[in-house]
file model00.cif (mmCIF, C-alpha atoms and all ligand atoms)
data_input
loop_
_atom_site.label_atom_id
_atom_site.label_comp_id
_atom_site.auth_asym_id
_atom_site.auth_seq_id
_atom_site.Cartn_x
_atom_site.Cartn_y
_atom_site.Cartn_z
CA MET U 1 58.33 -18.02 10.21
CA ALA U 2 57.28 -16.31 6.97
CA LEU U 3 53.86 -17.28 5.59
CA PRO U 4 53.62 -18.55 2.01
CA LYS U 5 52.75 -15.86 -0.56
CA SER U 6 49.31 -17.38 -1.37
CA VAL U 7 48.29 -17.34 2.31
CA ARG U 8 49.35 -13.70 2.63
CA ALA U 9 47.35 -12.83 -0.47
CA LEU U 10 44.30 -14.61 0.94
CA ALA U 11 44.66 -12.77 4.26
CA GLY U 12 44.88 -9.47 2.39
CA VAL U 13 41.73 -10.15 0.39
CA THR U 14 39.88 -11.24 3.54
CA MET U 15 40.90 -8.00 5.25
CA LEU U 16 39.67 -5.93 2.31
CA ILE U 17 36.29 -7.71 2.30
CA PHE U 18 36.00 -7.18 6.04
CA VAL U 19 36.69 -3.44 5.75
CA TYR U 20 34.19 -3.18 2.88
CA LEU U 21 31.48 -4.91 4.94
CA VAL U 22 32.11 -2.70 7.98
CA VAL U 23 31.80 0.41 5.79
CA GLN U 24 28.52 -0.88 4.34
CA ILE U 25 27.05 -1.63 7.77
CA PHE U 26 27.86 1.79 9.22
CA ARG U 27 26.85 3.79 6.16
CA ALA U 28 23.70 5.95 6.57
CA PRO U 29 20.83 3.61 5.70
CA GLY U 30 18.46 5.73 3.73
CA GLN U 31 18.55 7.99 0.76
CA ILE U 32 15.30 8.64 -0.97
CA LYS U 33 15.86 6.97 -4.29
CA GLY U 34 14.06 8.04 -7.39
CA PRO U 35 14.03 6.54 -10.82
CA ASP U 36 15.34 8.46 -13.82
CA ASN U 37 13.26 8.57 -16.90
CA ASP U 38 14.96 5.37 -17.95
CA GLY U 39 13.90 3.77 -14.70
CA SER U 40 17.33 3.54 -13.11
CA LEU U 41 17.74 4.79 -9.57
CA ASP U 42 19.54 7.95 -8.63
CA ASP U 43 19.84 9.73 -5.32
CA MET U 44 17.29 12.53 -5.18
CA ILE U 45 17.32 14.12 -1.78
CA ARG U 46 18.35 13.09 1.66
CA ASP U 47 15.61 11.13 3.41
CA PRO U 48 14.21 13.53 6.05
CA ASN U 49 13.66 10.54 8.33
CA LEU U 50 17.42 10.62 8.88
CA ASP U 51 17.19 14.06 10.45
CA ALA U 52 16.40 14.31 14.14
CA THR U 53 12.63 14.18 14.49
CA GLY U 54 10.73 15.69 17.36
CA GLU U 55 7.09 16.47 17.95
CA PRO U 56 5.02 18.76 15.73
CA PRO U 57 4.58 22.34 16.97
CA GLU U 58 2.48 23.33 19.96
CA PRO U 59 -0.26 23.46 20.98
CA LEU U 60 -0.18 19.79 21.94
CA HIS U 61 -2.42 18.17 24.52
CA ARG U 62 -0.79 15.79 26.96
CA VAL U 63 -1.77 13.54 29.83
CA GLU U 64 -2.09 15.41 33.12
CA ALA U 65 -3.55 13.82 36.23
CA ASN U 66 -6.66 11.90 35.14
CA ASN U 67 -7.58 13.98 32.08
CA TYR U 68 -7.43 10.98 29.73
CA ASP U 69 -8.56 8.20 32.07
CA PRO U 70 -10.80 5.68 30.29
CA ASP U 71 -13.80 6.28 32.56
CA ASN U 72 -13.45 10.01 33.02
CA PRO U 73 -16.78 11.50 31.79
CA ASN U 74 -15.10 14.92 31.46
CA SER U 75 -11.95 13.73 29.77
CA ASN U 76 -9.99 15.82 27.28
CA ARG U 77 -10.76 13.34 24.48
CA ILE U 78 -12.60 14.72 21.49
CA ASN U 79 -15.11 12.90 19.30
CA ALA U 80 -12.62 10.58 17.67
CA THR U 81 -12.05 6.84 17.48
CA LEU U 82 -9.66 4.13 16.41
CA LEU U 83 -11.33 2.33 13.55
CA SER U 84 -10.72 -1.08 12.07
CA LEU U 85 -12.44 -3.07 9.36
CA VAL U 86 -11.37 -6.61 10.07
CA ARG U 87 -12.32 -10.26 9.63
CA ASN U 88 -12.77 -12.72 12.50
CA GLU U 89 -9.95 -14.81 11.00
CA GLU U 90 -7.54 -11.89 11.42
CA LEU U 91 -7.76 -11.89 15.20
CA SER U 92 -4.08 -12.51 15.88
CA GLY U 93 -3.08 -9.85 13.33
CA ILE U 94 -5.34 -7.18 14.83
CA LEU U 95 -4.18 -8.05 18.34
CA GLN U 96 -0.61 -7.45 17.20
CA SER U 97 -1.60 -4.02 15.83
CA MET U 98 -3.56 -3.19 18.99
CA HIS U 99 -0.68 -4.14 21.28
CA ASP U 100 1.68 -1.84 19.35
CA LEU U 101 -0.70 1.11 19.24
CA GLU U 102 -1.74 0.70 22.86
CA ARG U 103 1.89 0.49 23.97
CA THR U 104 3.06 3.54 22.04
CA TRP U 105 0.03 5.80 22.33
CA ASN U 106 -3.42 4.70 23.34
CA HIS U 107 -2.72 3.40 26.85
CA LYS U 108 -2.17 7.10 27.62
CA PHE U 109 -5.15 8.60 25.79
CA ASN U 110 -7.72 5.78 25.86
CA TYR U 111 -9.59 6.57 22.69
CA PRO U 112 -12.24 3.94 21.92
CA TRP U 113 -11.70 1.13 19.43
CA MET U 114 -14.43 0.48 16.87
CA PHE U 115 -14.39 -2.72 14.89
CA PHE U 116 -16.40 -3.18 11.70
CA ASN U 117 -17.21 -6.37 9.86
CA ASP U 118 -19.52 -7.54 7.08
CA VAL U 119 -20.45 -10.57 9.23
CA PRO U 120 -21.02 -10.74 13.01
CA PHE U 121 -17.91 -10.78 15.19
CA THR U 122 -17.35 -14.00 17.09
CA GLU U 123 -17.32 -14.09 20.89
CA GLU U 124 -13.67 -15.12 20.71
CA PHE U 125 -12.83 -12.02 18.68
CA LYS U 126 -14.73 -9.73 21.05
CA LYS U 127 -13.26 -11.22 24.17
CA ALA U 128 -9.65 -11.10 22.99
CA THR U 129 -9.79 -7.57 21.55
CA SER U 130 -11.61 -6.16 24.60
CA ALA U 131 -8.87 -7.60 26.78
CA ALA U 132 -6.18 -5.80 24.77
CA THR U 133 -7.18 -2.29 25.91
CA LYS U 134 -8.64 -0.47 28.88
CA ALA U 135 -10.48 1.89 26.54
CA LYS U 136 -14.05 1.31 25.39
CA VAL U 137 -14.50 -1.17 22.53
CA TYR U 138 -17.41 -1.37 20.11
CA TYR U 139 -18.32 -3.97 17.48
CA HIS U 140 -20.44 -3.11 14.48
CA GLU U 141 -21.85 -4.96 11.53
CA ILE U 142 -21.86 -3.14 8.23
CA PRO U 143 -25.38 -2.55 6.85
CA LYS U 144 -26.01 -4.81 3.86
CA GLU U 145 -26.72 -1.86 1.59
CA HIS U 146 -23.24 -0.50 2.31
CA TRP U 147 -21.42 -3.73 1.51
CA GLU U 148 -23.42 -5.40 -1.25
CA VAL U 149 -22.34 -5.02 -4.86
CA PRO U 150 -24.47 -2.19 -6.26
CA SER U 151 -27.36 -3.09 -8.57
CA TRP U 152 -25.78 -1.38 -11.60
CA ILE U 153 -22.72 -3.65 -11.59
CA ASN U 154 -22.93 -6.48 -14.13
CA HIS U 155 -21.47 -9.71 -12.79
CA ASP U 156 -20.37 -11.12 -16.16
CA LEU U 157 -18.60 -7.90 -16.97
CA PHE U 158 -16.91 -7.98 -13.56
CA VAL U 159 -15.52 -11.47 -14.26
CA GLU U 160 -14.36 -10.55 -17.76
CA SER U 161 -12.70 -7.38 -16.50
CA ALA U 162 -11.02 -9.30 -13.69
CA ASN U 163 -9.56 -11.70 -16.27
CA ILE U 164 -7.99 -8.76 -18.08
CA LEU U 165 -6.67 -7.25 -14.83
CA GLN U 166 -5.21 -10.57 -13.83
CA GLU U 167 -3.35 -10.81 -17.14
CA GLN U 168 -1.85 -7.43 -16.21
CA ASP U 169 -0.73 -8.78 -12.83
CA VAL U 170 -3.26 -6.81 -10.80
CA GLN U 171 -3.48 -8.50 -7.40
CA TYR U 172 -6.87 -9.57 -5.98
CA ALA U 173 -8.59 -8.91 -9.34
CA HIS U 174 -11.07 -11.77 -8.94
CA MET U 175 -11.55 -11.34 -5.21
CA LEU U 176 -14.96 -9.68 -5.08
CA SER U 177 -14.68 -8.95 -1.36
CA TYR U 178 -11.48 -6.98 -1.99
CA HIS U 179 -13.37 -4.71 -4.39
CA GLN U 180 -16.18 -4.37 -1.83
CA MET U 181 -13.66 -3.47 0.84
CA CYS U 182 -12.06 -0.78 -1.35
CA ARG U 183 -15.46 0.72 -2.12
CA TRP U 184 -16.53 0.70 1.54
CA ASN U 185 -13.28 2.32 2.65
CA SER U 186 -13.61 4.91 -0.10
CA GLY U 187 -17.09 6.17 0.36
CA LEU U 188 -19.19 4.28 2.86
CA PHE U 189 -17.47 3.67 6.19
CA TYR U 190 -18.19 7.16 7.51
CA LYS U 191 -21.89 6.70 6.77
CA HIS U 192 -22.19 3.94 9.35
CA PRO U 193 -24.72 5.13 11.96
CA ALA U 194 -22.27 4.29 14.77
CA LEU U 195 -19.92 6.97 13.46
CA ALA U 196 -22.54 9.70 13.13
CA GLU U 197 -21.37 11.54 16.26
CA TYR U 198 -17.68 11.14 15.47
CA ARG U 199 -15.46 13.46 13.53
CA TYR U 200 -11.91 12.05 13.53
CA TYR U 201 -10.69 8.47 13.10
CA TRP U 202 -7.39 6.63 13.04
CA ARG U 203 -7.55 3.65 10.73
CA VAL U 204 -5.77 0.52 11.90
CA GLU U 205 -5.26 -2.70 9.94
CA PRO U 206 -4.23 -6.12 11.17
CA LYS U 207 -0.52 -6.94 11.31
CA VAL U 208 0.79 -3.38 11.26
CA HIS U 209 3.51 -2.11 13.59
CA PHE U 210 3.97 1.12 15.52
CA PHE U 211 7.47 1.86 16.75
CA CYS U 212 7.59 5.26 18.43
CA ASP U 213 6.16 6.64 21.65
CA VAL U 214 3.77 9.46 20.88
CA ASP U 215 3.04 11.65 23.88
CA TYR U 216 0.41 14.05 22.61
CA ASP U 217 -3.23 13.64 21.61
CA VAL U 218 -3.01 13.25 17.82
CA PHE U 219 -6.71 13.93 17.31
CA ARG U 220 -6.47 17.22 19.14
CA TYR U 221 -3.41 17.99 17.08
CA MET U 222 -5.58 17.58 13.96
CA GLU U 223 -8.27 19.83 15.38
CA ASP U 224 -6.01 22.51 16.86
CA HIS U 225 -3.86 22.77 13.73
CA ASN U 226 -6.76 22.67 11.30
CA LYS U 227 -5.65 19.45 9.59
CA THR U 228 -7.95 17.25 7.54
CA TYR U 229 -5.73 14.28 6.81
CA GLY U 230 -2.60 12.73 8.24
CA PHE U 231 -0.39 10.16 6.52
CA THR U 232 2.90 8.38 7.10
CA ILE U 233 3.73 6.75 3.75
CA ASN U 234 3.26 8.04 0.21
CA LEU U 235 3.50 5.50 -2.64
CA TYR U 236 3.05 4.97 -6.35
CA ASP U 237 0.11 2.74 -7.28
CA SER U 238 -0.12 0.00 -9.84
CA PRO U 239 -1.35 1.99 -12.87
CA GLN U 240 -3.09 -1.02 -14.40
CA SER U 241 -5.50 -1.14 -11.45
CA ILE U 242 -6.73 2.42 -12.05
CA SER U 243 -6.39 3.10 -15.80
CA THR U 244 -9.60 5.12 -16.09
CA LEU U 245 -9.70 6.67 -12.61
CA TRP U 246 -8.02 9.91 -13.71
CA PRO U 247 -10.02 10.31 -16.96
CA GLU U 248 -13.19 9.70 -14.95
CA THR U 249 -12.02 12.28 -12.41
CA MET U 250 -11.44 14.80 -15.22
CA LYS U 251 -14.99 14.20 -16.48
CA PHE U 252 -16.26 14.88 -12.98
CA ILE U 253 -14.20 18.06 -12.64
CA ALA U 254 -15.46 19.35 -15.98
CA GLY U 255 -18.94 19.51 -14.47
CA HIS U 256 -17.92 20.53 -10.94
CA LYS U 257 -15.16 23.12 -11.19
CA GLY U 258 -16.52 24.84 -8.11
CA HIS U 259 -15.42 21.89 -5.95
CA LEU U 260 -11.71 22.52 -6.62
CA ALA U 261 -9.86 23.98 -3.65
CA GLU U 262 -8.01 27.20 -4.28
CA ASN U 263 -4.71 25.98 -2.86
CA ASN U 264 -4.99 22.41 -4.18
CA ALA U 265 -2.26 19.82 -4.87
CA ILE U 266 -3.17 19.01 -8.47
CA GLU U 267 0.47 19.37 -9.55
CA TRP U 268 1.39 16.54 -7.20
CA LEU U 269 -1.36 14.40 -8.73
CA LYS U 270 -0.29 15.19 -12.28
CA ASP U 271 3.48 14.86 -11.88
CA LYS U 272 5.08 12.98 -14.73
CA ASP U 273 8.72 13.81 -14.15
CA ARG U 274 9.62 11.05 -11.76
CA ARG U 275 7.75 8.08 -13.23
CA PRO U 276 6.52 9.04 -16.67
CA ASP U 277 5.55 5.45 -17.41
CA HIS U 278 3.14 5.47 -14.48
CA ASN U 279 1.62 8.76 -15.51
CA PHE U 280 1.24 7.45 -19.06
CA LYS U 281 -0.41 4.17 -18.07
CA ALA U 282 -2.70 5.92 -15.59
CA ASN U 283 -3.67 8.43 -18.29
CA GLY U 284 -2.42 11.56 -16.61
CA TYR U 285 -2.24 10.60 -12.92
CA SER U 286 1.13 10.18 -11.24
CA THR U 287 -0.44 7.35 -9.18
CA CYS U 288 1.02 8.95 -6.04
CA HIS U 289 -1.19 8.30 -3.06
CA PHE U 290 -1.24 8.33 0.70
CA TRP U 291 -1.04 4.72 1.81
CA SER U 292 -4.43 4.50 3.43
CA ASN U 293 -3.93 1.50 5.69
CA PHE U 294 -2.74 4.33 7.94
CA GLU U 295 -5.09 7.31 8.01
CA ILE U 296 -5.80 9.87 10.67
CA ALA U 297 -8.53 12.00 9.21
CA ASP U 298 -11.50 14.27 9.61
CA MET U 299 -14.69 12.61 8.38
CA ASN U 300 -16.22 16.01 7.71
CA PHE U 301 -14.15 16.05 4.55
CA TRP U 302 -15.63 12.74 3.33
CA ARG U 303 -19.04 14.06 4.31
CA SER U 304 -18.60 17.25 2.28
CA LYS U 305 -20.65 17.89 -0.83
CA ALA U 306 -17.53 17.82 -3.00
CA TYR U 307 -16.47 14.39 -1.85
CA GLU U 308 -19.98 12.96 -1.84
CA ASP U 309 -20.53 14.09 -5.41
CA TYR U 310 -17.15 12.72 -6.43
CA PHE U 311 -17.65 9.34 -4.79
CA ASP U 312 -21.12 8.98 -6.31
CA HIS U 313 -19.71 9.75 -9.73
CA LEU U 314 -16.95 7.16 -9.36
CA ASP U 315 -19.32 4.60 -7.91
CA ARG U 316 -21.67 4.96 -10.88
CA ALA U 317 -18.74 4.69 -13.29
CA GLY U 318 -18.15 1.16 -11.97
CA GLY U 319 -14.35 1.18 -11.59
CA PHE U 320 -14.45 -0.22 -8.06
CA PHE U 321 -15.45 -3.49 -9.79
CA TYR U 322 -14.42 -3.30 -13.46
CA GLU U 323 -11.00 -2.04 -12.45
CA ARG U 324 -9.56 -2.21 -8.96
CA TRP U 325 -9.82 1.36 -7.77
CA GLY U 326 -8.48 1.48 -4.24
CA ASP U 327 -9.55 3.76 -1.43
CA ALA U 328 -5.97 5.05 -1.29
CA PRO U 329 -5.90 6.69 -4.75
CA VAL U 330 -9.54 7.75 -4.45
CA HIS U 331 -8.98 9.47 -1.10
CA SER U 332 -5.69 10.95 -2.28
CA ILE U 333 -7.09 12.38 -5.51
CA ALA U 334 -10.01 13.90 -3.62
CA LEU U 335 -7.68 15.49 -1.07
CA GLY U 336 -5.38 16.72 -3.81
CA LEU U 337 -8.25 18.41 -5.64
CA PHE U 338 -10.85 19.46 -3.09
CA GLU U 339 -8.78 20.29 -0.02
CA ASP U 340 -6.29 23.02 0.76
CA LYS U 341 -2.94 21.27 0.61
CA SER U 342 -1.77 22.84 3.85
CA LYS U 343 -4.39 20.70 5.61
CA VAL U 344 -2.60 17.44 4.86
CA HIS U 345 -0.03 16.50 7.46
CA TRP U 346 2.91 14.11 7.31
CA PHE U 347 3.06 12.34 10.71
CA ARG U 348 6.80 11.92 10.42
CA ASP U 349 7.06 11.17 14.13
CA ILE U 350 4.75 8.12 14.04
CA GLY U 351 6.90 5.08 13.33
CA TYR U 352 4.82 2.70 11.25
CA GLN U 353 5.01 -0.41 9.11
CA HIS U 354 2.57 -2.26 6.92
CA ILE U 355 4.45 -4.92 5.03
CA PRO U 356 6.64 -4.14 3.11
CA PHE U 357 7.03 -0.37 3.82
CA PHE U 358 8.11 1.71 6.81
CA ASN U 359 8.08 5.19 8.18
CA CYS U 360 10.94 5.15 10.67
CA PRO U 361 12.11 8.51 12.02
CA ASN U 362 15.34 9.38 13.76
CA SER U 363 14.15 9.71 17.34
CA GLY U 364 15.00 8.29 20.73
CA LYS U 365 11.29 7.56 21.10
CA CYS U 366 11.44 4.80 18.47
CA LYS U 367 12.35 1.16 18.94
CA GLY U 368 12.29 -1.78 16.57
CA CYS U 369 12.77 -0.17 13.15
CA VAL U 370 15.82 1.00 11.24
CA THR U 371 15.98 4.80 10.95
CA GLY U 372 15.33 5.89 7.39
CA ARG U 373 14.74 2.42 6.04
CA PHE U 374 11.81 2.54 3.63
CA THR U 375 11.44 -1.17 2.94
CA ASP U 376 12.78 -4.47 4.15
CA GLY U 377 11.67 -6.11 0.92
CA GLU U 378 13.52 -6.28 -2.40
CA ALA U 379 15.67 -3.24 -3.29
CA TRP U 380 13.47 -2.30 -6.27
CA LEU U 381 10.64 -1.51 -3.86
CA ASN U 382 12.49 1.69 -2.96
CA LYS U 383 11.31 3.23 -6.19
CA GLU U 384 7.70 2.94 -4.98
CA ASP U 385 8.43 5.77 -2.53
CA CYS U 386 6.51 8.83 -3.66
CA ARG U 387 7.27 11.09 -0.69
CA PRO U 388 9.82 13.14 -2.68
CA ASN U 389 6.97 14.19 -4.96
CA TRP U 390 4.83 15.28 -2.05
CA PHE U 391 7.73 17.18 -0.51
CA LYS U 392 8.46 18.82 -3.87
CA TYR U 393 4.96 20.10 -4.51
CA VAL U 394 3.70 20.59 -0.98
CA GLY U 395 6.35 20.30 1.73
CA MET U 396 6.91 18.41 4.94
CA ASP U 397 4.27 19.81 7.29
N1 LIG T 1 -14.60 -7.73 7.55
C1 LIG T 1 -13.88 -7.74 6.44
N2 LIG T 1 -12.73 -7.06 6.41
C2 LIG T 1 -12.01 -7.09 5.26
C3 LIG T 1 -12.45 -7.81 4.10
N3 LIG T 1 -11.51 -7.64 3.15
C4 LIG T 1 -10.55 -6.86 3.67
N4 LIG T 1 -10.82 -6.52 4.95
C5 LIG T 1 -10.06 -5.65 5.85
O1 LIG T 1 -9.72 -4.51 5.08
C6 LIG T 1 -8.40 -4.10 5.33
C7 LIG T 1 -7.58 -4.17 4.04
O2 LIG T 1 -7.52 -5.49 3.58
P1 LIG T 1 -6.14 -6.22 3.30
O3 LIG T 1 -6.47 -7.63 2.95
O4 LIG T 1 -5.19 -5.95 4.42
O5 LIG T 1 -5.68 -5.45 1.99
P2 LIG T 1 -4.25 -4.91 1.62
O6 LIG T 1 -3.68 -4.14 2.77
O7 LIG T 1 -4.39 -4.22 0.32
O8 LIG T 1 -3.48 -6.24 1.35
P3 LIG T 1 -2.28 -6.92 2.17
O9 LIG T 1 -1.06 -6.35 1.53
O10 LIG T 1 -2.51 -8.37 1.94
O11 LIG T 1 -2.41 -6.50 3.63
C8 LIG T 1 -7.89 -5.01 6.42
O12 LIG T 1 -8.14 -4.34 7.64
C9 LIG T 1 -8.75 -6.24 6.31
O13 LIG T 1 -8.88 -6.84 7.54
C10 LIG T 1 -13.68 -8.52 4.18
O14 LIG T 1 -14.15 -9.15 3.24
N5 LIG T 1 -14.36 -8.43 5.37
MG MG T 2 -3.37 -4.88 4.68
#
call {"tool": "encode", "arguments": {"input": "model00.cif", "output": "structure tokens"}}
result
Amino acid sequence: MALPKSVRALAGVTMLIFVYLVVQIFRAPGQIKGPDNDGSLDDMIRDPNLDATGEPPEPLHRVEANNYDPDNPNSNRINATLLSLVRNEELSGILQSMHDLERTWNHKFNYPWMFFNDVPFTEEFKKATSAATKAKVYYHEIPKEHWEVPSWINHDLFVESANILQEQDVQYAHMLSYHQMCRWNSGLFYKHPALAEYRYYWRVEPKVHFFCDVDYDVFRYMEDHNKTYGFTINLYDSPQSISTLWPETMKFIAGHKGHLAENNAIEWLKDKDRRPDHNFKANGYSTCHFWSNFEIADMNFWRSKAYEDYFDHLDRAGGFFYERWGDAPVHSIALGLFEDKSKVHWFRDIGYQHIPFFNCPNSGKCKGCVTGRFTDGEAWLNKEDCRPNWFKYVGMD
């Protein structure tokens, strides 16, 4: 029996939609998108996360017999620690992050966890976090003089400035503790006496995810390969939150030219090809930065004269409070200016997410993220990806 014409037409359309959807689902998920000068998106380069990703080059230190056992006094661990600034109220979020990092990496290497807080940790927090690892766990309060708002900051001016930032849609403008946190993460955490004997740290925030098994000691990788800083995600910042950070940096440089590294990444910092509007609003800074909720780094760099001088200059200028300078752009600018760019490493093999962005490589060692997907938020968030800039000026090492 022949079907009526309208039913056949409907079946045809349904078939076409079905084929279209199948094609969409099986299409490669990620292209690094970049905005044109007019802000529209175009395909720039293929996302390297789509290419098969293995481990970085040897030498790599691995677990053999009991060399990384938690209680081994002669273990192969170096003076490095996992480090987390966290509030008591974020217990469930930090447990989630701990479970992921322990499962993928630290249950093998047993590096200690160090928790920092501006108020004492509760017994509940200590008990639950200690139970989440077999490694050593330490809890530290931040000295008042490291957390308090510095004496030269004027409270009325802070409130007035926060009003202006808020009008420009800067998040957390009025939240004083957020400004304190950014300042501490920029220039004070590594001065905590508990860290005096430590050189490397891996910063971990609540509610982040780790997706890939990592089978080598990442801290020894940093040491053996002469790396200062490791990142996973590179983003554009909100220019309104840092309008005078670059001009202030230029003032600093004018008086401290000797601090500039010979093989620096200033071109990456100054790029204005990809997002000219950002460069314009940030007065000469691309706003590209390593997303510092993930950092594996060498504190000797923060402890260097160049960085100390730079942080003191910025701190005196007041932008941690009168604007919302974040530790991410501050760290990134310092690295881009004062460090040899070959010493910054993209940990492409460490699958990571802090809402709403991912680093998800193409590797059988990863579970739970979509290869090459940069965000699971709105599509426009793809243009916040600044990795193409880093790859352009520096490379993928
Ligand atoms: N102890 C303590 N930790 C804080 C405070 N403010 C922020 N933190 C921690 O500092 C880190 C960054 O703060 P977040 O609130 O996550 O800031 P963010 O990542 O910019 O913002 P989200 O996108 O909301 O995650 C997290 O590890 C927080 O737990 C504070 O006042 N006290
Ligand atoms: Mg966070």
call {"tool": "closest_residue", "arguments": {"input": "model00.cif", "among": "U:Lys383, U:His354, U:Lys392, U:Lys134", "to": "ligand MG 2 (chain T)", "atoms": "all atoms listed in the file"}}
result
U:His354
call {"tool": "residues_near_ligand", "arguments": {"input": "model00.cif", "ligand": "ligand MG 2 (chain T)", "cutoff": "8 Å", "atoms": "all atoms listed in the file", "output": "list in words"}}
result
Glu205, Pro206, Lys207, Val208, Asn293, His354 and Ile355 of chain U
call {"tool": "closest_residue", "arguments": {"input": "model00.cif", "among": "U:Asn49, U:Ser304, U:Thr129, U:Asn67", "to": "Pro388 of chain U", "atoms": "all atoms listed in the file"}}
result
U:Asn49
call {"tool": "closest_residue", "arguments": {"input": "model00.cif", "among": "U:Ser84, U:Ser161, U:Thr375, U:Gln166", "to": "ligand LIG 1 (chain T)", "atoms": "only C-alpha atoms and all ligand atoms"}}
result
U:Ser84
call {"tool": "residues_around", "arguments": {"input": "model00.cif", "residues": "Leu85 of chain U", "least_positions_apart": "3", "cutoff": "6 Å", "atoms": "only C-alpha atoms", "output": "PDB file with C-alpha atoms, in the frame of the given file"}}
result
ATOM      1  CA  PHE U 115     -14.390  -2.720  14.890  1.00  0.00           C
ATOM      2  CA  PHE U 116     -16.400  -3.180  11.700  1.00  0.00           C
ATOM      3  CA  ASN U 117     -17.210  -6.370   9.860  1.00  0.00           C
TER       4      ASN U 117
END
call {"tool": "atom_distance", "arguments": {"input": "model00.cif", "atom1": "atom CA of Lys191 of chain U", "atom2": "atom CA of Arg303 of chain U"}}
result
8.3 Å
call {"tool": "residues_near_ligand", "arguments": {"input": "model00.cif", "ligand": "ligand LIG 1 (chain T)", "cutoff": "10 Å", "atoms": "all atoms listed in the file", "output": "PyMOL selection string"}}
result
chain U and resi 83-91+93-94+115-121+141-142+147+171-172+175-182+184-185+203-208+291-294+326-328+354-356
call {"tool": "write_last_selection", "arguments": {"input": "model00.cif", "atoms": "C-alpha atoms", "output": "compact mmCIF listing (two decimals), in the frame of the given file"}}
result
# COMPACT_ATOMS: atom_id res chain seq x y z
CA LEU U 83 -11.33 2.33 13.55
CA SER U 84 -10.72 -1.08 12.07
CA LEU U 85 -12.44 -3.07 9.36
CA VAL U 86 -11.37 -6.61 10.07
CA ARG U 87 -12.32 -10.26 9.63
CA ASN U 88 -12.77 -12.72 12.50
CA GLU U 89 -9.95 -14.81 11.00
CA GLU U 90 -7.54 -11.89 11.42
CA LEU U 91 -7.76 -11.89 15.20
CA GLY U 93 -3.08 -9.85 13.33
CA ILE U 94 -5.34 -7.18 14.83
CA PHE U 115 -14.39 -2.72 14.89
CA PHE U 116 -16.40 -3.18 11.70
CA ASN U 117 -17.21 -6.37 9.86
CA ASP U 118 -19.52 -7.54 7.08
CA VAL U 119 -20.45 -10.57 9.23
CA PRO U 120 -21.02 -10.74 13.01
CA PHE U 121 -17.91 -10.78 15.19
CA GLU U 141 -21.85 -4.96 11.53
CA ILE U 142 -21.86 -3.14 8.23
CA TRP U 147 -21.42 -3.73 1.51
CA GLN U 171 -3.48 -8.50 -7.40
CA TYR U 172 -6.87 -9.57 -5.98
CA MET U 175 -11.55 -11.34 -5.21
CA LEU U 176 -14.96 -9.68 -5.08
CA SER U 177 -14.68 -8.95 -1.36
CA TYR U 178 -11.48 -6.98 -1.99
CA HIS U 179 -13.37 -4.71 -4.39
CA GLN U 180 -16.18 -4.37 -1.83
CA MET U 181 -13.66 -3.47 0.84
CA CYS U 182 -12.06 -0.78 -1.35
CA TRP U 184 -16.53 0.70 1.54
CA ASN U 185 -13.28 2.32 2.65
CA ARG U 203 -7.55 3.65 10.73
CA VAL U 204 -5.77 0.52 11.90
CA GLU U 205 -5.26 -2.70 9.94
CA PRO U 206 -4.23 -6.12 11.17
CA LYS U 207 -0.52 -6.94 11.31
CA VAL U 208 0.79 -3.38 11.26
CA TRP U 291 -1.04 4.72 1.81
CA SER U 292 -4.43 4.50 3.43
CA ASN U 293 -3.93 1.50 5.69
CA PHE U 294 -2.74 4.33 7.94
CA GLY U 326 -8.48 1.48 -4.24
CA ASP U 327 -9.55 3.76 -1.43
CA ALA U 328 -5.97 5.05 -1.29
CA HIS U 354 2.57 -2.26 6.92
CA ILE U 355 4.45 -4.92 5.03
CA PRO U 356 6.64 -4.14 3.11
call {"tool": "residues_around", "arguments": {"input": "model00.cif", "residues": "Ala162 of chain U", "least_positions_apart": "3", "cutoff": "7 Å", "atoms": "only C-alpha atoms", "output": "list in words"}}
result
Phe158, Val159, Leu165, Gln166, Ala173, His174 and Tyr322 of chain U
